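A.B. asks: I am sharing work-v4.pdb, which consists of PDB, C-alpha atoms, pLDDT in the B column:
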```pdb
MODEL        1
ATOM      1  CA  GLU A   1     131.636 108.078 -66.112  1.00 74.00           C
ATOM      2  CA  ARG A   2     131.270 111.850 -66.478  1.00 73.00           C
ATOM      3  CA  HIS A   3     134.886 112.063 -67.666  1.00 78.00           C
ATOM      4  CA  LEU A   4     134.511 109.721 -70.649  1.00 74.00           C
ATOM      5  CA  GLY A   5     133.338 112.520 -72.918  1.00 78.00           C
ATOM      6  CA  VAL A   6     130.136 110.740 -73.960  1.00 80.00           C
ATOM      7  CA  PRO A   7     126.560 111.003 -72.657  1.00 82.00           C
ATOM      8  CA  GLU A   8     126.166 109.429 -69.217  1.00 85.00           C
ATOM      9  CA  PRO A   9     123.927 106.523 -70.356  1.00 82.00           C
ATOM     10  CA  VAL A  10     126.554 105.582 -72.949  1.00 83.00           C
ATOM     11  CA  ALA A  11     129.318 105.945 -70.347  1.00 84.00           C
ATOM     12  CA  ARG A  12     127.387 103.640 -67.997  1.00 86.00           C
ATOM     13  CA  THR A  13     127.057 101.080 -70.783  1.00 85.00           C
ATOM     14  CA  ILE A  14     130.775 101.260 -71.524  1.00 85.00           C
ATOM     15  CA  THR A  15     131.798 101.017 -67.876  1.00 89.00           C
ATOM     16  CA  ARG A  16     129.402  98.147 -67.176  1.00 88.00           C
ATOM     17  CA  ARG A  17     130.610  96.137 -70.169  1.00 87.00           C
ATOM     18  CA  VAL A  18     134.317  96.732 -69.493  1.00 88.00           C
ATOM     19  CA  LEU A  19     133.942  95.656 -65.868  1.00 90.00           C
ATOM     20  CA  GLY A  20     131.851  92.662 -66.921  1.00 89.00           C
ATOM     21  CA  SER A  21     134.507  91.617 -69.418  1.00 87.00           C
ATOM     22  CA  LEU A  22     137.248  91.901 -66.798  1.00 87.00           C
ATOM     23  CA  ARG A  23     135.165  89.783 -64.396  1.00 89.00           C
ATOM     24  CA  GLY A  24     134.677  87.254 -67.186  1.00 88.00           C
ATOM     25  CA  TYR A  25     138.411  87.236 -67.878  1.00 86.00           C
ATOM     26  CA  PHE A  26     139.231  86.484 -64.249  1.00 89.00           C
ATOM     27  CA  LEU A  27     136.548  83.792 -64.158  1.00 90.00           C
ATOM     28  CA  GLY A  28     138.210  82.194 -67.194  1.00 88.00           C
ATOM     29  CA  VAL A  29     141.647  82.462 -65.567  1.00 88.00           C
ATOM     30  CA  THR A  30     140.241  80.850 -62.421  1.00 92.00           C
ATOM     31  CA  VAL A  31     138.818  77.933 -64.410  1.00 91.00           C
ATOM     32  CA  VAL A  32     142.142  77.411 -66.200  1.00 89.00           C
ATOM     33  CA  ALA A  33     144.065  77.767 -62.914  1.00 93.00           C
ATOM     34  CA  GLY A  34     141.849  75.169 -61.279  1.00 94.00           C
ATOM     35  CA  PHE A  35     142.282  72.821 -64.229  1.00 92.00           C
ATOM     36  CA  ASN A  36     146.078  73.180 -64.113  1.00 93.00           C
ATOM     37  CA  ALA A  37     146.140  72.666 -60.353  1.00 95.00           C
ATOM     38  CA  VAL A  38     144.059  69.477 -60.655  1.00 95.00           C
ATOM     39  CA  VAL A  39     146.280  68.052 -63.426  1.00 95.00           C
ATOM     40  CA  VAL A  40     149.483  68.858 -61.523  1.00 96.00           C
ATOM     41  CA  THR A  41     148.068  67.529 -58.237  1.00 96.00           C
ATOM     42  CA  ILE A  42     147.050  64.231 -59.835  1.00 96.00           C
ATOM     43  CA  GLY A  43     150.475  63.950 -61.446  1.00 96.00           C
ATOM     44  CA  ALA A  44     152.215  64.683 -58.136  1.00 96.00           C
ATOM     45  CA  LEU A  45     150.056  62.068 -56.365  1.00 96.00           C
ATOM     46  CA  ILE A  46     150.924  59.421 -58.969  1.00 95.00           C
ATOM     47  CA  LEU A  47     154.629  60.291 -58.771  1.00 95.00           C
ATOM     48  CA  GLY A  48     154.688  60.288 -54.964  1.00 95.00           C
ATOM     49  CA  VAL A  49     155.889  63.870 -54.659  1.00 96.00           C
ATOM     50  CA  PRO A  50     155.723  65.431 -51.161  1.00 95.00           C
ATOM     51  CA  MET A  51     154.008  68.756 -50.318  1.00 95.00           C
ATOM     52  CA  ILE A  52     151.156  68.159 -52.765  1.00 95.00           C
ATOM     53  CA  GLY A  53     148.921  70.795 -51.176  1.00 95.00           C
ATOM     54  CA  THR A  54     151.621  73.432 -51.485  1.00 96.00           C
ATOM     55  CA  ILE A  55     152.322  72.463 -55.086  1.00 96.00           C
ATOM     56  CA  ALA A  56     148.596  72.684 -55.887  1.00 96.00           C
ATOM     57  CA  ALA A  57     148.296  76.120 -54.247  1.00 97.00           C
ATOM     58  CA  VAL A  58     151.403  77.505 -55.985  1.00 96.00           C
ATOM     59  CA  THR A  59     150.204  76.114 -59.323  1.00 95.00           C
ATOM     60  CA  PHE A  60     146.747  77.653 -58.873  1.00 96.00           C
ATOM     61  CA  LEU A  61     148.046  81.071 -57.836  1.00 95.00           C
ATOM     62  CA  GLY A  62     150.814  81.059 -60.435  1.00 92.00           C
ATOM     63  CA  ALA A  63     148.237  80.822 -63.208  1.00 88.00           C
ATOM     64  CA  TYR A  64     147.176  84.416 -62.482  1.00 85.00           C
ATOM     65  CA  VAL A  65     150.564  85.724 -63.635  1.00 81.00           C
ATOM     66  CA  PRO A  66     150.713  85.355 -67.440  1.00 73.00           C
ATOM     67  CA  TYR A  67     153.299  82.807 -68.558  1.00 69.00           C
ATOM     68  CA  LEU A  68     155.884  83.524 -65.878  1.00 81.00           C
ATOM     69  CA  GLY A  69     153.639  82.435 -63.030  1.00 86.00           C
ATOM     70  CA  ALA A  70     152.795  79.069 -64.527  1.00 87.00           C
ATOM     71  CA  TRP A  71     156.386  78.286 -65.397  1.00 87.00           C
ATOM     72  CA  GLY A  72     157.621  79.541 -62.016  1.00 94.00           C
ATOM     73  CA  ALA A  73     155.137  77.212 -60.337  1.00 94.00           C
ATOM     74  CA  ALA A  74     156.347  74.426 -62.624  1.00 94.00           C
ATOM     75  CA  ALA A  75     159.960  75.023 -61.588  1.00 95.00           C
ATOM     76  CA  PHE A  76     158.860  74.989 -57.937  1.00 96.00           C
ATOM     77  CA  SER A  77     157.081  71.648 -58.283  1.00 96.00           C
ATOM     78  CA  ILE A  78     159.968  70.096 -60.201  1.00 96.00           C
ATOM     79  CA  LEU A  79     162.439  71.161 -57.505  1.00 96.00           C
ATOM     80  CA  ILE A  80     160.159  69.775 -54.770  1.00 96.00           C
ATOM     81  CA  ALA A  81     159.890  66.515 -56.719  1.00 96.00           C
ATOM     82  CA  LEU A  82     163.661  66.362 -57.160  1.00 96.00           C
ATOM     83  CA  GLY A  83     164.381  67.034 -53.495  1.00 95.00           C
ATOM     84  CA  GLY A  84     161.580  64.900 -52.060  1.00 93.00           C
ATOM     85  CA  ALA A  85     161.213  61.970 -54.431  1.00 93.00           C
ATOM     86  CA  GLY A  86     164.318  61.878 -56.619  1.00 94.00           C
ATOM     87  CA  ALA A  87     165.322  62.403 -60.225  1.00 95.00           C
ATOM     88  CA  ASP A  88     162.722  60.022 -61.683  1.00 95.00           C
ATOM     89  CA  ALA A  89     159.885  61.904 -59.976  1.00 95.00           C
ATOM     90  CA  ALA A  90     161.375  65.219 -61.135  1.00 95.00           C
ATOM     91  CA  GLY A  91     161.492  63.915 -64.714  1.00 95.00           C
ATOM     92  CA  GLY A  92     157.887  62.795 -64.396  1.00 96.00           C
ATOM     93  CA  MET A  93     156.921  66.192 -62.977  1.00 96.00           C
ATOM     94  CA  ILE A  94     158.551  67.895 -65.982  1.00 95.00           C
ATOM     95  CA  ILE A  95     156.266  65.869 -68.261  1.00 95.00           C
ATOM     96  CA  VAL A  96     153.207  66.631 -66.090  1.00 95.00           C
ATOM     97  CA  GLN A  97     154.007  70.357 -66.139  1.00 93.00           C
ATOM     98  CA  LEU A  98     154.558  70.404 -69.901  1.00 91.00           C
ATOM     99  CA  LEU A  99     151.178  68.743 -70.351  1.00 91.00           C
ATOM    100  CA  ALA A 100     149.385  70.954 -67.817  1.00 90.00           C
ATOM    101  CA  ASN A 101     150.894  74.276 -68.913  1.00 85.00           C
ATOM    102  CA  GLY A 102     151.228  73.438 -72.575  1.00 83.00           C
ATOM    103  CA  LEU A 103     149.084  71.047 -74.520  1.00 80.00           C
ATOM    104  CA  LEU A 104     146.164  70.564 -72.115  1.00 81.00           C
ATOM    105  CA  GLN A 105     145.950  74.244 -71.166  1.00 81.00           C
ATOM    106  CA  GLN A 106     145.913  75.302 -74.814  1.00 78.00           C
ATOM    107  CA  MET A 107     142.936  73.020 -75.374  1.00 82.00           C
ATOM    108  CA  VAL A 108     140.994  74.195 -72.301  1.00 84.00           C
ATOM    109  CA  GLN A 109     141.850  77.907 -72.177  1.00 81.00           C
ATOM    110  CA  PRO A 110     140.098  79.124 -75.362  1.00 80.00           C
ATOM    111  CA  PHE A 111     136.880  77.364 -74.336  1.00 82.00           C
ATOM    112  CA  ALA A 112     137.014  78.583 -70.718  1.00 85.00           C
ATOM    113  CA  MET A 113     137.806  82.136 -71.793  1.00 82.00           C
ATOM    114  CA  GLY A 114     135.307  82.065 -74.648  1.00 82.00           C
ATOM    115  CA  ALA A 115     132.506  80.954 -72.343  1.00 85.00           C
ATOM    116  CA  ALA A 116     133.473  83.446 -69.626  1.00 85.00           C
ATOM    117  CA  LEU A 117     133.843  86.357 -72.066  1.00 85.00           C
ATOM    118  CA  GLY A 118     130.981  85.484 -74.402  1.00 85.00           C
ATOM    119  CA  ILE A 119     133.108  85.305 -77.553  1.00 85.00           C
ATOM    120  CA  HIS A 120     134.081  82.381 -79.779  1.00 86.00           C
ATOM    121  CA  PRO A 121     137.049  80.298 -78.523  1.00 84.00           C
ATOM    122  CA  LEU A 122     138.877  80.773 -81.834  1.00 85.00           C
ATOM    123  CA  ALA A 123     138.485  84.547 -81.465  1.00 87.00           C
ATOM    124  CA  VAL A 124     140.017  84.301 -77.986  1.00 84.00           C
ATOM    125  CA  LEU A 125     143.001  82.427 -79.390  1.00 83.00           C
ATOM    126  CA  ILE A 126     143.513  84.835 -82.295  1.00 90.00           C
ATOM    127  CA  VAL A 127     143.163  88.068 -80.320  1.00 90.00           C
ATOM    128  CA  THR A 128     145.366  86.752 -77.508  1.00 85.00           C
ATOM    129  CA  ILE A 129     148.137  85.904 -79.967  1.00 88.00           C
ATOM    130  CA  ALA A 130     147.731  89.260 -81.736  1.00 93.00           C
ATOM    131  CA  GLY A 131     147.625  91.155 -78.438  1.00 92.00           C
ATOM    132  CA  GLY A 132     150.793  89.445 -77.253  1.00 89.00           C
ATOM    133  CA  ALA A 133     152.585  90.065 -80.539  1.00 92.00           C
ATOM    134  CA  LEU A 134     151.609  93.733 -80.617  1.00 94.00           C
ATOM    135  CA  PHE A 135     151.688  94.710 -76.931  1.00 93.00           C
ATOM    136  CA  GLY A 136     153.624  92.010 -75.069  1.00 90.00           C
ATOM    137  CA  ALA A 137     152.462  90.669 -71.706  1.00 83.00           C
ATOM    138  CA  ILE A 138     149.860  93.407 -71.230  1.00 88.00           C
ATOM    139  CA  GLY A 139     148.397  92.513 -74.633  1.00 90.00           C
ATOM    140  CA  LEU A 140     148.214  88.847 -73.635  1.00 83.00           C
ATOM    141  CA  VAL A 141     146.178  89.729 -70.565  1.00 82.00           C
ATOM    142  CA  LEU A 142     143.925  92.453 -71.962  1.00 87.00           C
ATOM    143  CA  ALA A 143     143.291  91.420 -75.584  1.00 89.00           C
ATOM    144  CA  ALA A 144     140.386  89.027 -75.008  1.00 87.00           C
ATOM    145  CA  PRO A 145     138.571  91.132 -72.372  1.00 89.00           C
ATOM    146  CA  VAL A 146     138.926  94.278 -74.508  1.00 91.00           C
ATOM    147  CA  VAL A 147     137.518  92.528 -77.591  1.00 91.00           C
ATOM    148  CA  SER A 148     134.675  91.138 -75.479  1.00 89.00           C
ATOM    149  CA  ALA A 149     133.914  94.587 -74.085  1.00 90.00           C
ATOM    150  CA  ILE A 150     134.033  96.217 -77.521  1.00 90.00           C
ATOM    151  CA  THR A 151     131.668  93.676 -79.091  1.00 89.00           C
ATOM    152  CA  ARG A 152     129.206  93.946 -76.211  1.00 87.00           C
ATOM    153  CA  ILE A 153     129.373  97.757 -76.103  1.00 88.00           C
ATOM    154  CA  SER A 154     128.792  98.049 -79.844  1.00 87.00           C
ATOM    155  CA  ALA A 155     125.814  95.646 -79.654  1.00 86.00           C
ATOM    156  CA  ASP A 156     124.343  97.599 -76.713  1.00 85.00           C
ATOM    157  CA  LEU A 157     124.780 100.927 -78.501  1.00 84.00           C
ATOM    158  CA  ALA A 158     123.255  99.552 -81.714  1.00 86.00           C
ATOM    159  CA  ARG A 159     120.219  98.283 -79.780  1.00 85.00           C
ATOM    160  CA  ALA A 160     119.868 101.633 -78.008  1.00 81.00           C
ATOM    161  CA  HIS A 161     120.107 103.470 -81.322  1.00 81.00           C
ATOM    162  CA  LEU A 162     117.419 101.282 -82.890  1.00 84.00           C
ATOM    163  CA  ALA A 163     115.149 101.708 -79.858  1.00 82.00           C
ATOM    164  CA  GLU A 164     115.631 105.482 -79.973  1.00 79.00           C
ATOM    165  CA  ARG A 165     114.818 105.632 -83.678  1.00 83.00           C
ATOM    166  CA  ALA A 166     111.749 103.438 -83.231  1.00 82.00           C
ATOM    167  CA  ALA A 167     110.513 105.685 -80.409  1.00 79.00           C
ATOM    168  CA  GLN A 168     110.646 108.780 -82.633  1.00 76.00           C
ATOM    169  CA  PRO A 169     107.745 108.451 -85.119  1.00 66.00           C
ATOM    170  CA  HIS A 170     109.039 111.078 -87.512  1.00 65.00           C
ATOM    171  CA  LEU A 171     112.365 109.205 -87.898  1.00 55.00           C
ATOM    172  CA  GLY A 172     111.208 105.614 -87.492  1.00 52.00           C
ATOM    173  CA  LEU A 173     113.003 102.611 -88.895  1.00 54.00           C
ATOM    174  CA  ALA A 174     111.776 103.352 -92.445  1.00 54.00           C
ATOM    175  CA  ALA A 175     114.075 106.387 -92.535  1.00 53.00           C
ATOM    176  CA  ASP A 176     117.091 104.060 -92.463  1.00 53.00           C
ATOM    177  CA  VAL A 177     116.090 102.388 -95.714  1.00 51.00           C
TER     178      VAL A 177
ENDMDL
END
```
Hey, can you dump this file as structure tokens for me?

C.D. replies:
Amino acid sequence: ERHLGVPEPVARTITRRVLGSLRGYFLGVTVVAGFNAVVVTIGALILGVPMIGTIAAVTFLGAYVPYLGAWGAAAFSILIALGGAGADAAGGMIIVQLLANGLLQQMVQPFAMGAALGIHPLAVLIVTIAGGALFGAIGLVLAAPVVSAITRISADLARAHLAERAAQPHLGLAADV
């Protein structure tokens, strides 16, 4: 905190909010990962695919790796379905994975991330797309937590500034007018 180049109370505010936003991001990822794992597990049960527990675990853990993890887990489950239950089950698993990692996830993720990060779901969607377009995979991961941290830090600093001005009678809030 001493190396941020700002007063220590401000540095503490910044550090606390950045860490809180990263915790919120991983909470959101965990919610989405759990959702995907449940959808894929139900699909695998209906299709009669073997190794359902392993498929659920790989799907859950794969969600922590942006894009590649989810699709790698999808390929894994499709191959297990093909080898264990045949081509029809593999075709069904392709549909389940497209739903879980595509349409359904895109409906759940902005709400899960928005709630975990404390920003509007539409803002999560927009900044994630912009972050990915500008900075690639790192931008996809960090865009929403960085925006969350920035909005919370600026609100904290504004409140601190107002409290400081109110505490100094010769400056007061009337001086801002």

A.B. asks: Leaving out range 75-88 of chain A and any residue of its chain fewer than 2 positions from it, which residues lie within 9 Å of it when counting only C-alpha atoms, given as a list in words?

C.D. replies: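 Selected residues are Val40, Ala44, Leu47, Gly48, Val49, Pro50, Met51, Ile52, Thr54, Ile55, Ala56, Val58, Thr59, Ala70, Trp71, Gly72, Ala73, Ala90, Gly91, Gly92, Met93, Ile94 and Gln97 of chain A.
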
A.B. asks: Got time to write the residues from that selection, C-alpha atoms, as a PDB file, in the coordinates of the input?

C.D. replies:
```pdb
ATOM      1  CA  VAL A  40     149.483  68.858 -61.523  1.00 96.00           C
ATOM      2  CA  ALA A  44     152.215  64.683 -58.136  1.00 96.00           C
ATOM      3  CA  LEU A  47     154.629  60.291 -58.771  1.00 95.00           C
ATOM      4  CA  GLY A  48     154.688  60.288 -54.964  1.00 95.00           C
ATOM      5  CA  VAL A  49     155.889  63.870 -54.659  1.00 96.00           C
ATOM      6  CA  PRO A  50     155.723  65.431 -51.161  1.00 95.00           C
ATOM      7  CA  MET A  51     154.008  68.756 -50.318  1.00 95.00           C
ATOM      8  CA  ILE A  52     151.156  68.159 -52.765  1.00 95.00           C
ATOM      9  CA  THR A  54     151.621  73.432 -51.485  1.00 96.00           C
ATOM     10  CA  ILE A  55     152.322  72.463 -55.086  1.00 96.00           C
ATOM     11  CA  ALA A  56     148.596  72.684 -55.887  1.00 96.00           C
ATOM     12  CA  VAL A  58     151.403  77.505 -55.985  1.00 96.00           C
ATOM     13  CA  THR A  59     150.204  76.114 -59.323  1.00 95.00           C
ATOM     14  CA  ALA A  70     152.795  79.069 -64.527  1.00 87.00           C
ATOM     15  CA  TRP A  71     156.386  78.286 -65.397  1.00 87.00           C
ATOM     16  CA  GLY A  72     157.621  79.541 -62.016  1.00 94.00           C
ATOM     17  CA  ALA A  73     155.137  77.212 -60.337  1.00 94.00           C
ATOM     18  CA  ALA A  90     161.375  65.219 -61.135  1.00 95.00           C
ATOM     19  CA  GLY A  91     161.492  63.915 -64.714  1.00 95.00           C
ATOM     20  CA  GLY A  92     157.887  62.795 -64.396  1.00 96.00           C
ATOM     21  CA  MET A  93     156.921  66.192 -62.977  1.00 96.00           C
ATOM     22  CA  ILE A  94     158.551  67.895 -65.982  1.00 95.00           C
ATOM     23  CA  GLN A  97     154.007  70.357 -66.139  1.00 93.00           C
TER      24      GLN A  97
END
```

A.B. asks: Go through A:Gln109, A:Asn101, A:Ser154, A:Asn36 one by one, measure the shortest atom-to-atom distance of each to Val10 in chain A using all atoms listed in the file, and give the residue with the smallest value.

C.D. replies: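 Of the candidates, the smallest distance to Val10 in chain A is held by A:Ser154.
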
A.B. asks: Padding 6 Å on each side, edges along x, y and z: where is the centre of the box around the listed atoms of range 27-44 of chain A, and how long are its edges in Å to one decimal? Output it as JSON.

C.D. replies:
```
{"center_x": 144.4, "center_y": 73.9, "center_z": -62.7, "size_x": 27.7, "size_y": 31.8, "size_z": 21.1}
```

A.B. asks: Taking (152.3, 77.9, -70.4) as a centre in this file's frame and 9 Å as the limit, can you find every polymer residue with an atom that close, using all atoms listed in the file, and give them as a list in words?

C.D. replies: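 Returned residue set, sorted by chain then number, is Ala63, Pro66, Tyr67, Leu68, Gly69, Ala70, Trp71, Gln97, Leu98, Ala100, Asn101, Gly102, Leu103, Gln105 and Gln106 of chain A.
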
A.B. asks: One decimal, in Å: what's the spacing between CA of Arg2 in chain A and CA of Arg16 in chain A?

C.D. replies: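 Atom-to-atom, CA of Arg2 in chain A to CA of Arg16 in chain A, that is 13.8 Å.
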
A.B. asks: Rank nothing, just name the residue among A:Pro121, A:Gly139, A:Gly114, A:Gly62 nearest to Ala33 in chain A, using all atoms listed in the file.

C.D. replies: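 Among the listed residues, A:Gly62 lies closest to Ala33 in chain A.
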
A.B. asks: Using all atoms listed in the file, which of the listed residues (A:Val124, A:Leu157, A:Leu22, A:Ala57) sits closest to Pro9 in chain A?

C.D. replies: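 Between A:Val124, A:Leu157, A:Leu22, A:Ala57, the residue approaching Pro9 in chain A most closely is A:Leu157.
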
A.B. asks: Kindly indicate which residue among A:Leu162, A:Val147, A:Met113, A:Ile138 lies nearest to Tyr25 in chain A, using only C-alpha atoms for the distances.

C.D. replies: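 Once distances to Tyr25 in chain A are computed over only C-alpha atoms, the minimum belongs to A:Met113.
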
A.B. asks: So, with only C-alpha atoms as the atoms that count, which of A:Ile153, A:Val32, A:Ala144, A:Leu61 lies closest to His120 in chain A?

C.D. replies: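 Closest candidate: A:Ala144.
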
A.B. asks: Given the choices A:Ala167, A:Leu27, A:Val141, A:Val127, which gets closest to Ala112 in chain A if the distance is worked out from all atoms listed in the file?

C.D. replies: A:Leu27

A.B. asks: Just the number, please: distance in Å from CA of Ser21 in chain A to CA of Glu8 in chain A, one decimal.

C.D. replies: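 According to the coordinates, CA of Ser21 in chain A and CA of Glu8 in chain A are separated by 19.7 Å.
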
A.B. asks: How many Å lie between CA of Ala74 in chain A and CA of Ala123 in chain A, rounded to one decimal?

C.D. replies: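 Computing the Euclidean distance for CA of Ala74 in chain A and CA of Ala123 in chain A yields 27.9 Å.
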
A.B. asks: Neighbours of Leu4 in chain A within 12 Å (all atoms listed in the file; same-chain residues fewer than 6 positions away dropped), as a list in words?

C.D. replies: Val10, Ala11, Arg12, Thr13, Ile14 and Thr15 of chain A

A.B. asks: For range 139-159 of chain A, supply N, CA and C atoms and report the output as a short mmCIF file (atom, residue, chain, number, x, y, z; two decimals), in the coordinates of the input.

C.D. replies:
```cif
data_model
loop_
_atom_site.label_atom_id
_atom_site.label_comp_id
_atom_site.auth_asym_id
_atom_site.auth_seq_id
_atom_site.Cartn_x
_atom_site.Cartn_y
_atom_site.Cartn_z
N GLY A 139 149.29 92.90 -73.55
CA GLY A 139 148.40 92.51 -74.63
C GLY A 139 147.85 91.12 -74.45
N LEU A 140 148.67 90.21 -73.91
CA LEU A 140 148.21 88.85 -73.64
C LEU A 140 147.07 88.85 -72.63
N VAL A 141 147.18 89.69 -71.62
CA VAL A 141 146.18 89.73 -70.56
C VAL A 141 144.92 90.45 -71.02
N LEU A 142 145.07 91.59 -71.69
CA LEU A 142 143.93 92.45 -71.96
C LEU A 142 143.24 92.24 -73.31
N ALA A 143 143.86 91.53 -74.23
CA ALA A 143 143.29 91.42 -75.58
C ALA A 143 141.88 90.82 -75.58
N ALA A 144 141.70 89.68 -74.99
CA ALA A 144 140.39 89.03 -75.01
C ALA A 144 139.33 89.82 -74.25
N PRO A 145 139.61 90.34 -73.03
CA PRO A 145 138.57 91.13 -72.37
C PRO A 145 138.23 92.42 -73.12
N VAL A 146 139.20 93.04 -73.76
CA VAL A 146 138.93 94.28 -74.51
C VAL A 146 138.05 93.97 -75.72
N VAL A 147 138.35 92.90 -76.44
CA VAL A 147 137.52 92.53 -77.59
C VAL A 147 136.10 92.19 -77.13
N SER A 148 135.99 91.46 -76.02
CA SER A 148 134.68 91.14 -75.48
C SER A 148 133.91 92.41 -75.13
N ALA A 149 134.57 93.33 -74.46
CA ALA A 149 133.91 94.59 -74.08
C ALA A 149 133.49 95.37 -75.32
N ILE A 150 134.35 95.45 -76.31
CA ILE A 150 134.03 96.22 -77.52
C ILE A 150 132.83 95.62 -78.25
N THR A 151 132.80 94.29 -78.39
CA THR A 151 131.67 93.68 -79.09
C THR A 151 130.37 93.88 -78.32
N ARG A 152 130.42 93.77 -77.01
CA ARG A 152 129.21 93.95 -76.21
C ARG A 152 128.76 95.41 -76.19
N ILE A 153 129.72 96.33 -76.10
CA ILE A 153 129.37 97.76 -76.10
C ILE A 153 128.75 98.14 -77.44
N SER A 154 129.34 97.69 -78.53
CA SER A 154 128.79 98.05 -79.84
C SER A 154 127.39 97.46 -80.04
N ALA A 155 127.16 96.25 -79.56
CA ALA A 155 125.81 95.65 -79.65
C ALA A 155 124.81 96.42 -78.80
N ASP A 156 125.22 96.81 -77.58
CA ASP A 156 124.34 97.60 -76.71
C ASP A 156 124.01 98.95 -77.34
N LEU A 157 125.01 99.61 -77.89
CA LEU A 157 124.78 100.93 -78.50
C LEU A 157 123.91 100.81 -79.75
N ALA A 158 124.09 99.76 -80.52
CA ALA A 158 123.26 99.55 -81.71
C ALA A 158 121.80 99.32 -81.31
N ARG A 159 121.58 98.51 -80.27
CA ARG A 159 120.22 98.28 -79.78
C ARG A 159 119.60 99.58 -79.26
#
```
